[in-house]
>>> print(open('work24.cif').read())   # mmCIF, C-alpha atoms
data_start
#
loop_
_atom_site.label_atom_id
_atom_site.label_comp_id
_atom_site.auth_asym_id
_atom_site.auth_seq_id
_atom_site.Cartn_x
_atom_site.Cartn_y
_atom_site.Cartn_z
CA MET A 1 -68.94 13.31 -133.44
CA ASN A 2 -66.12 14.47 -135.72
CA ASN A 3 -66.15 17.84 -133.92
CA TYR A 4 -65.94 16.37 -130.42
CA ARG A 5 -62.91 17.77 -128.58
CA PRO A 6 -62.73 16.55 -124.97
CA PHE A 7 -59.94 18.97 -124.06
CA ALA A 8 -61.34 22.07 -125.74
CA GLY A 9 -60.88 25.09 -123.51
CA ILE A 10 -58.09 23.50 -121.45
CA THR A 11 -54.73 25.24 -121.54
CA PRO A 12 -51.66 23.20 -122.58
CA ALA A 13 -49.92 22.71 -119.22
CA VAL A 14 -53.18 21.99 -117.38
CA LYS A 15 -54.04 19.38 -120.02
CA ILE A 16 -50.67 17.65 -119.61
CA ILE A 17 -50.87 17.73 -115.79
CA ILE A 18 -54.31 16.11 -115.82
CA ILE A 19 -53.29 13.48 -118.38
CA ILE A 20 -50.16 12.50 -116.43
CA ASN A 21 -52.10 12.23 -113.16
CA VAL A 22 -54.79 10.09 -114.79
CA LEU A 23 -52.22 7.81 -116.42
CA VAL A 24 -50.35 7.32 -113.15
CA PHE A 25 -53.65 6.62 -111.37
CA LEU A 26 -54.52 3.95 -113.94
CA ALA A 27 -51.03 2.48 -113.73
CA ILE A 28 -51.28 2.18 -109.95
CA ASN A 29 -54.75 0.66 -109.87
CA MET A 30 -54.53 -1.57 -112.95
CA ILE A 31 -51.00 -2.39 -114.05
CA GLY A 32 -49.42 -2.14 -110.60
CA GLN A 33 -51.98 -4.37 -108.92
CA ARG A 34 -51.88 -7.00 -111.66
CA ALA A 35 -48.09 -7.07 -111.71
CA ASN A 36 -47.94 -6.94 -107.89
CA VAL A 37 -45.78 -3.80 -108.02
CA ASP A 38 -46.27 -1.18 -105.30
CA LEU A 39 -46.09 1.94 -107.47
CA VAL A 40 -47.27 4.15 -104.60
CA ASN A 41 -44.19 3.16 -102.62
CA ILE A 42 -41.96 3.69 -105.66
CA LEU A 43 -43.39 7.03 -106.75
CA GLY A 44 -44.46 8.41 -103.37
CA MET A 45 -42.18 10.73 -101.42
CA HIS A 46 -40.30 9.25 -98.46
CA LEU A 47 -38.15 10.77 -95.76
CA PRO A 48 -34.37 10.47 -96.28
CA GLN A 49 -34.28 8.07 -93.29
CA SER A 50 -36.54 5.63 -95.13
CA GLN A 51 -35.13 2.61 -96.90
CA TYR A 52 -37.37 3.53 -99.86
CA PHE A 53 -36.15 7.11 -100.25
CA GLN A 54 -35.20 8.29 -103.75
CA ILE A 55 -34.56 11.90 -104.73
CA TYR A 56 -36.81 11.66 -107.83
CA GLN A 57 -39.79 11.11 -105.53
CA TYR A 58 -39.94 14.85 -104.82
CA ILE A 59 -41.21 15.17 -108.40
CA THR A 60 -43.12 11.92 -108.94
CA HIS A 61 -45.22 12.18 -105.77
CA MET A 62 -46.85 15.32 -107.23
CA PHE A 63 -48.42 13.23 -110.01
CA THR A 64 -49.38 10.22 -107.89
CA GLN A 65 -52.91 9.60 -106.63
CA LYS A 66 -54.30 6.24 -105.60
CA GLU A 67 -57.89 7.07 -104.63
CA LEU A 68 -60.40 8.20 -107.25
CA THR A 69 -61.85 10.96 -105.06
CA HIS A 70 -58.34 12.31 -104.36
CA LEU A 71 -57.60 12.36 -108.07
CA PHE A 72 -60.95 13.92 -109.01
CA PHE A 73 -60.92 16.84 -106.58
CA ASN A 74 -57.27 17.69 -107.22
CA MET A 75 -57.66 17.61 -110.99
CA PHE A 76 -60.98 19.46 -110.81
CA ALA A 77 -59.21 22.29 -108.96
CA VAL A 78 -56.35 22.27 -111.49
CA PHE A 79 -58.90 22.47 -114.31
CA MET A 80 -61.11 25.15 -112.73
CA PHE A 81 -58.40 27.51 -111.48
CA GLY A 82 -55.19 26.39 -113.19
CA ARG A 83 -56.38 27.12 -116.72
CA ILE A 84 -57.29 30.67 -115.68
CA LEU A 85 -53.85 31.24 -114.20
CA GLU A 86 -52.14 29.75 -117.24
CA SER A 87 -54.20 31.99 -119.52
CA VAL A 88 -53.09 35.04 -117.50
CA TRP A 89 -49.46 34.10 -116.88
CA GLY A 90 -48.66 32.01 -119.91
CA THR A 91 -47.64 28.36 -119.95
CA LYS A 92 -43.99 28.80 -118.95
CA ARG A 93 -44.71 30.88 -115.86
CA PHE A 94 -47.59 28.61 -114.83
CA ILE A 95 -45.35 25.53 -115.02
CA ILE A 96 -42.68 27.27 -112.94
CA TYR A 97 -45.31 28.23 -110.37
CA TYR A 98 -46.77 24.71 -110.28
CA PHE A 99 -43.42 23.06 -109.59
CA VAL A 100 -42.22 25.70 -107.13
CA THR A 101 -45.36 25.33 -105.04
CA GLY A 102 -45.33 21.55 -105.32
CA LEU A 103 -41.69 21.29 -104.29
CA GLY A 104 -42.16 23.92 -101.60
CA ALA A 105 -45.04 21.90 -100.20
CA ALA A 106 -42.84 18.79 -100.20
CA ALA A 107 -40.03 20.66 -98.44
CA LEU A 108 -42.22 21.96 -95.61
CA HIS A 109 -43.95 18.61 -95.20
CA SER A 110 -40.58 16.86 -95.01
CA LEU A 111 -39.28 19.28 -92.38
CA VAL A 112 -42.38 18.81 -90.21
CA SER A 113 -42.21 15.03 -90.67
CA LEU A 114 -38.52 14.99 -89.77
CA TYR A 115 -39.34 16.93 -86.62
CA GLY A 116 -42.02 14.38 -85.79
CA LEU A 117 -39.59 11.52 -86.41
CA HIS A 118 -37.00 13.19 -84.18
CA ASN A 119 -39.55 13.47 -81.36
CA MET A 120 -40.47 9.80 -81.72
CA GLN A 121 -36.81 8.81 -81.51
CA GLU A 122 -36.30 10.98 -78.43
CA GLN A 123 -39.28 9.29 -76.79
CA PHE A 124 -37.75 5.93 -77.65
CA TYR A 125 -34.40 6.85 -76.12
CA ALA A 126 -36.13 8.10 -72.97
CA PHE A 127 -38.01 4.81 -72.77
CA GLN A 128 -34.79 2.83 -73.14
CA SER A 129 -33.28 4.59 -70.13
CA THR A 130 -36.38 3.99 -67.99
CA PRO A 131 -38.66 1.25 -69.40
CA ASP A 132 -42.22 1.71 -68.20
CA ALA A 133 -45.56 0.31 -69.34
CA GLY A 134 -47.28 3.67 -68.95
CA VAL A 135 -44.71 5.45 -71.09
CA PHE A 136 -45.03 2.79 -73.75
CA ALA A 137 -48.84 3.03 -73.67
CA GLU A 138 -48.68 6.81 -74.16
CA PHE A 139 -46.31 6.37 -77.11
CA VAL A 140 -48.68 3.87 -78.70
CA ARG A 141 -51.74 6.10 -78.23
CA SER A 142 -49.86 9.04 -79.77
CA HIS A 143 -48.60 7.26 -82.86
CA VAL A 144 -50.78 4.26 -83.71
CA SER A 145 -54.06 4.83 -85.55
CA ASN A 146 -54.86 1.31 -86.77
CA PRO A 147 -57.65 0.09 -84.41
CA ARG A 148 -56.64 -3.57 -84.55
CA LEU A 149 -52.95 -2.89 -83.90
CA LEU A 150 -53.81 -0.41 -81.16
CA SER A 151 -56.01 -2.99 -79.45
CA GLU A 152 -53.29 -5.66 -79.63
CA LEU A 153 -50.65 -3.32 -78.21
CA MET A 154 -52.91 -2.21 -75.36
CA GLN A 155 -53.49 -5.87 -74.51
CA PHE A 156 -49.72 -6.20 -74.35
CA VAL A 157 -49.64 -3.22 -71.96
CA ASP A 158 -52.21 -4.93 -69.72
CA ALA A 159 -50.09 -8.08 -69.64
CA TRP A 160 -47.00 -6.02 -68.80
CA ASN A 161 -48.81 -4.23 -65.97
CA ALA A 162 -49.56 -7.66 -64.50
CA ALA A 163 -45.80 -8.39 -64.39
CA PRO A 164 -44.07 -4.97 -64.26
CA ALA A 165 -40.65 -6.33 -63.28
CA SER A 166 -40.35 -8.55 -66.37
CA ALA A 167 -37.39 -7.58 -68.55
CA GLN A 168 -38.93 -9.58 -71.40
CA PHE A 169 -41.84 -7.15 -71.67
CA ALA A 170 -39.46 -4.18 -71.76
CA GLY A 171 -37.47 -5.74 -74.59
CA GLN A 172 -40.63 -6.55 -76.54
CA ALA A 173 -41.87 -2.99 -76.06
CA GLU A 174 -38.60 -1.65 -77.56
CA TYR A 175 -39.14 -3.88 -80.58
CA TYR A 176 -42.69 -2.57 -81.04
CA MET A 177 -41.57 1.05 -80.71
CA GLN A 178 -38.85 0.58 -83.31
CA GLY A 179 -41.43 -0.91 -85.67
CA ILE A 180 -43.78 2.06 -85.19
CA ILE A 181 -40.95 4.52 -85.82
CA GLN A 182 -39.88 2.65 -88.94
CA ALA A 183 -43.44 2.57 -90.24
CA TYR A 184 -43.64 6.35 -89.78
CA ALA A 185 -40.38 6.86 -91.68
CA ASN A 186 -41.47 4.53 -94.50
CA ALA A 187 -44.94 6.01 -95.02
CA PRO A 188 -45.13 7.53 -98.55
CA THR A 189 -46.65 10.95 -99.25
CA ILE A 190 -48.53 11.31 -102.52
CA GLY A 191 -50.75 13.79 -104.30
CA ALA A 192 -50.86 17.07 -106.17
CA SER A 193 -52.49 18.87 -103.23
CA GLY A 194 -49.47 21.05 -102.42
CA ALA A 195 -49.43 22.54 -105.92
CA VAL A 196 -53.24 22.69 -105.93
CA PHE A 197 -53.23 24.82 -102.79
CA GLY A 198 -50.64 27.02 -104.46
CA ILE A 199 -53.06 27.43 -107.36
CA LEU A 200 -55.90 28.35 -104.99
CA LEU A 201 -53.70 30.92 -103.29
CA ALA A 202 -52.72 32.46 -106.63
CA PHE A 203 -56.33 32.67 -107.75
CA GLY A 204 -57.26 34.37 -104.51
CA MET A 205 -54.45 36.92 -104.95
CA LEU A 206 -55.14 37.65 -108.62
CA PHE A 207 -58.93 37.61 -108.41
CA PRO A 208 -59.65 38.37 -104.74
CA ASN A 209 -63.23 39.59 -105.21
CA THR A 210 -64.37 36.81 -107.52
CA GLU A 211 -67.34 35.05 -105.91
CA LEU A 212 -67.10 31.28 -105.62
CA TYR A 213 -70.05 28.97 -105.23
CA LEU A 214 -69.07 25.91 -103.20
CA MET A 215 -71.02 22.75 -102.47
CA PHE A 216 -70.54 22.92 -98.72
CA ILE A 217 -71.23 26.68 -98.37
CA PRO A 218 -74.80 27.74 -99.27
CA ILE A 219 -73.84 31.34 -100.11
CA PRO A 220 -71.21 32.75 -102.48
CA ILE A 221 -67.84 33.57 -100.91
CA LYS A 222 -65.16 35.84 -102.29
CA ALA A 223 -61.97 34.09 -103.35
CA LYS A 224 -59.78 36.01 -100.89
CA TYR A 225 -61.92 34.92 -97.93
CA PHE A 226 -62.10 31.35 -99.18
CA VAL A 227 -58.31 31.15 -99.36
CA LEU A 228 -57.88 32.69 -95.90
CA LEU A 229 -60.42 30.33 -94.34
CA TYR A 230 -58.92 27.29 -96.05
CA GLY A 231 -55.40 28.26 -95.00
CA ALA A 232 -56.50 28.84 -91.40
CA ALA A 233 -58.25 25.46 -91.34
CA GLU A 234 -55.13 23.70 -92.63
CA LEU A 235 -52.99 25.42 -89.99
CA PHE A 236 -55.43 24.43 -87.24
CA PHE A 237 -55.63 20.77 -88.25
CA GLY A 238 -51.88 20.64 -88.86
CA LEU A 239 -51.15 21.90 -85.35
CA GLN A 240 -53.72 19.49 -83.92
CA ASN A 241 -51.64 16.59 -85.28
CA SER A 242 -54.45 14.14 -84.53
CA VAL A 243 -53.68 10.43 -84.56
CA GLY A 244 -55.08 8.88 -87.73
CA ASP A 245 -55.17 12.14 -89.66
CA ASN A 246 -53.39 11.15 -92.87
CA VAL A 247 -53.83 14.53 -94.60
CA ALA A 248 -50.55 16.38 -95.18
CA HIS A 249 -51.78 19.73 -93.85
CA PHE A 250 -48.35 21.33 -93.77
CA ALA A 251 -47.79 20.33 -97.39
CA HIS A 252 -50.93 22.31 -98.25
CA LEU A 253 -49.64 25.26 -96.24
CA GLY A 254 -46.25 24.91 -97.91
CA GLY A 255 -47.83 25.18 -101.35
CA MET A 256 -49.66 28.35 -100.30
CA LEU A 257 -46.61 29.84 -98.57
CA PHE A 258 -44.21 29.31 -101.47
CA GLY A 259 -46.86 30.50 -103.91
CA PHE A 260 -47.36 33.68 -101.89
CA PHE A 261 -43.67 34.56 -101.85
CA LEU A 262 -43.19 33.69 -105.52
CA ILE A 263 -46.06 35.97 -106.55
CA LEU A 264 -44.64 38.77 -104.37
CA TYR A 265 -41.26 38.25 -106.03
CA TRP A 266 -42.77 38.43 -109.51
CA ARG A 267 -44.72 41.55 -108.62
CA LYS A 268 -41.60 43.26 -107.30
CA HIS A 269 -39.34 42.35 -110.23
CA SER A 270 -41.75 42.72 -113.14
CA LYS A 271 -43.82 45.58 -114.46
CA LYS A 272 -46.36 42.91 -115.24
CA PHE A 273 -45.75 39.91 -113.01
CA TYR A 274 -47.92 37.71 -115.23
#
>>> encode(input="work24.cif", output="structure tokens")
Amino acid sequence: MNNYRPFAGITPAVKIIIIINVLVFLAINMIGQRANVDLVNILGMHLPQSQYFQIYQYITHMFTQKELTHLFFNMFAVFMFGRILESVWGTKRFIIYYFVTGLGAAALHSLVSLYGLHNMQEQFYAFQSTPDAGVFAEFVRSHVSNPRLLSELMQFVDAWNAAPASAQFAGQAEYYMQGIIQAYANAPTIGASGAVFGILLAFGMLFPNTELYLMFIPIPIKAKYFVLLYGAAELFFGLQNSVGDNVAHFAHLGGMLFGFFLILYWRKHSKKFY
């Protein structure tokens, strides 16, 4: 037992990243819950329009995971692929890459979210000029994923359709729409996934022909094809923009995109980019 070293074989930065993520996870699910402090809301990244927005959240959200499965798969990827990259690049360059991809992911996700918020506000203004139960119903279907809330709001629509000339229903609908928009703006984004996707992209570029054995694919797949397929899937689901899909697909794409350009920059400006 004296020779037991739980972090043997883990590179320094990867070790610190995993430790920080685990500590934050424990703080959220143990200390935060007992003290009735919403650490996810404090550490998670918010849009500038949110009342909870703080600039430091662009960093802290990268180390914040609430669900055990989310934490496990992100940290497993950091361990499996990050330690290889750190061994090749060195700790300093790996840390730079990790934060550039993580912040790049946050930037792209924020831009897409701001665009979505702008569209919601435009829909609200259009509704204000011409209140209509059908327009309100379409807004609700497009932006509400909670089954119970959706059911309650559609019951409201049915009541409005029974009295379409009622100004009271129009005013209540405005109130509901404002609440939905505010909830969208206040929703926190958390997770290391943006940087993790940057790590996957880097591994695919440095070791493109390495064969990976994945649980959900019965045959080995080369790293370059795995990265391409994963990136294409994220783009597809991101463009789908399905109601209830809480995965930040464009954050994942942002991590890959910024990682790609950073690696190209290093290759161009260094004899050995690692």
>>> residues_around(input="work24.cif", residues="segment 11-15 of chain A", least_positions_apart="5", cutoff="10 Å", atoms="only C-alpha atoms", output="PDB file with C-alpha atoms, in the frame of the given file")
ATOM      1  CA  ILE A  20     -50.160  12.500-116.430  1.00  0.00           C
ATOM      2  CA  MET A  75     -57.660  17.610-110.990  1.00  0.00           C
ATOM      3  CA  VAL A  78     -56.350  22.270-111.490  1.00  0.00           C
ATOM      4  CA  PHE A  79     -58.900  22.470-114.310  1.00  0.00           C
ATOM      5  CA  MET A  80     -61.110  25.150-112.730  1.00  0.00           C
ATOM      6  CA  PHE A  81     -58.400  27.510-111.480  1.00  0.00           C
ATOM      7  CA  GLY A  82     -55.190  26.390-113.190  1.00  0.00           C
ATOM      8  CA  ARG A  83     -56.380  27.120-116.720  1.00  0.00           C
ATOM      9  CA  ILE A  84     -57.290  30.670-115.680  1.00  0.00           C
ATOM     10  CA  LEU A  85     -53.850  31.240-114.200  1.00  0.00           C
ATOM     11  CA  GLU A  86     -52.140  29.750-117.240  1.00  0.00           C
ATOM     12  CA  SER A  87     -54.200  31.990-119.520  1.00  0.00           C
ATOM     13  CA  GLY A  90     -48.660  32.010-119.910  1.00  0.00           C
ATOM     14  CA  THR A  91     -47.640  28.360-119.950  1.00  0.00           C
ATOM     15  CA  LYS A  92     -43.990  28.800-118.950  1.00  0.00           C
ATOM     16  CA  PHE A  94     -47.590  28.610-114.830  1.00  0.00           C
ATOM     17  CA  ILE A  95     -45.350  25.530-115.020  1.00  0.00           C
ATOM     18  CA  TYR A  98     -46.770  24.710-110.280  1.00  0.00           C
TER      19      TYR A  98
END
>>> resolve_selection(input="work24.cif", expression="the PyMOL selection byres ((chain A and resi 186) around 10)", output="PDB file with C-alpha atoms, keeping the file's coordinate frame")
ATOM      1  CA  ASN A  41     -44.190   3.160-102.620  1.00  0.00           C
ATOM      2  CA  MET A  45     -42.180  10.730-101.420  1.00  0.00           C
ATOM      3  CA  HIS A  46     -40.300   9.250 -98.460  1.00  0.00           C
ATOM      4  CA  LEU A  47     -38.150  10.770 -95.760  1.00  0.00           C
ATOM      5  CA  PRO A  48     -34.370  10.470 -96.280  1.00  0.00           C
ATOM      6  CA  GLN A  49     -34.280   8.070 -93.290  1.00  0.00           C
ATOM      7  CA  SER A  50     -36.540   5.630 -95.130  1.00  0.00           C
ATOM      8  CA  GLN A  51     -35.130   2.610 -96.900  1.00  0.00           C
ATOM      9  CA  TYR A  52     -37.370   3.530 -99.860  1.00  0.00           C
ATOM     10  CA  PHE A  53     -36.150   7.110-100.250  1.00  0.00           C
ATOM     11  CA  ILE A 180     -43.780   2.060 -85.190  1.00  0.00           C
ATOM     12  CA  ILE A 181     -40.950   4.520 -85.820  1.00  0.00           C
ATOM     13  CA  GLN A 182     -39.880   2.650 -88.940  1.00  0.00           C
ATOM     14  CA  ALA A 183     -43.440   2.570 -90.240  1.00  0.00           C
ATOM     15  CA  TYR A 184     -43.640   6.350 -89.780  1.00  0.00           C
ATOM     16  CA  ALA A 185     -40.380   6.860 -91.680  1.00  0.00           C
ATOM     17  CA  ALA A 187     -44.940   6.010 -95.020  1.00  0.00           C
ATOM     18  CA  PRO A 188     -45.130   7.530 -98.550  1.00  0.00           C
ATOM     19  CA  THR A 189     -46.650  10.950 -99.250  1.00  0.00           C
TER      20      THR A 189
END
>>> atom_distance(input="work24.cif", atom1="atom CA of Leu253 of chain A", atom2="atom CA of Met120 of chain A")
23.1 Å
>>> resolve_selection(input="work24.cif", expression="the PyMOL selection byres ((chain A and resi 165-178) around 10)", output="number ranges by chain")
A: 120-121, 123-125, 127-128, 130-133, 136-137, 139-140, 143, 153, 156-157, 159-164, 179-184
>>> resolve_selection(input="work24.cif", expression="the PyMOL selection byres ((chain A and resi 212) around 8)", output="ChimeraX atom specification")
/A:210-211,213-214,220-223
>>> closest_atom_pairs(input="work24.cif", of="segment 52-170 of chain A", to="segment 255-267 of chain A", cutoff="9 Å", atoms="all atoms listed in the file", output="tab-separated table")
residue	atom	partner	partner_atom	distance
A:Tyr97	CA	A:Gly259	CA	7.0
A:Tyr98	CA	A:Gly259	CA	8.6
A:Val100	CA	A:Phe258	CA	7.0
A:Thr101	CA	A:Gly255	CA	4.4
A:Gly102	CA	A:Gly255	CA	5.9
A:Leu103	CA	A:Gly255	CA	7.8
A:Gly104	CA	A:Phe258	CA	5.8
A:Ala105	CA	A:Gly255	CA	4.5
A:Ala106	CA	A:Gly255	CA	8.2
A:Leu108	CA	A:Gly255	CA	8.6
>>> atom_distance(input="work24.cif", atom1="atom CA of Asn29 of chain A", atom2="atom CA of Gln65 of chain A")
9.7 Å
>>> atom_distance(input="work24.cif", atom1="atom CA of Ile17 of chain A", atom2="atom CA of Phe73 of chain A")
13.7 Å
>>> residues_around(input="work24.cif", residues="Leu228 of chain A", least_positions_apart="4", cutoff="9 Å", atoms="all atoms listed in the file", output="PyMOL selection string")
chain A and resi 201+204+223-224+232-233
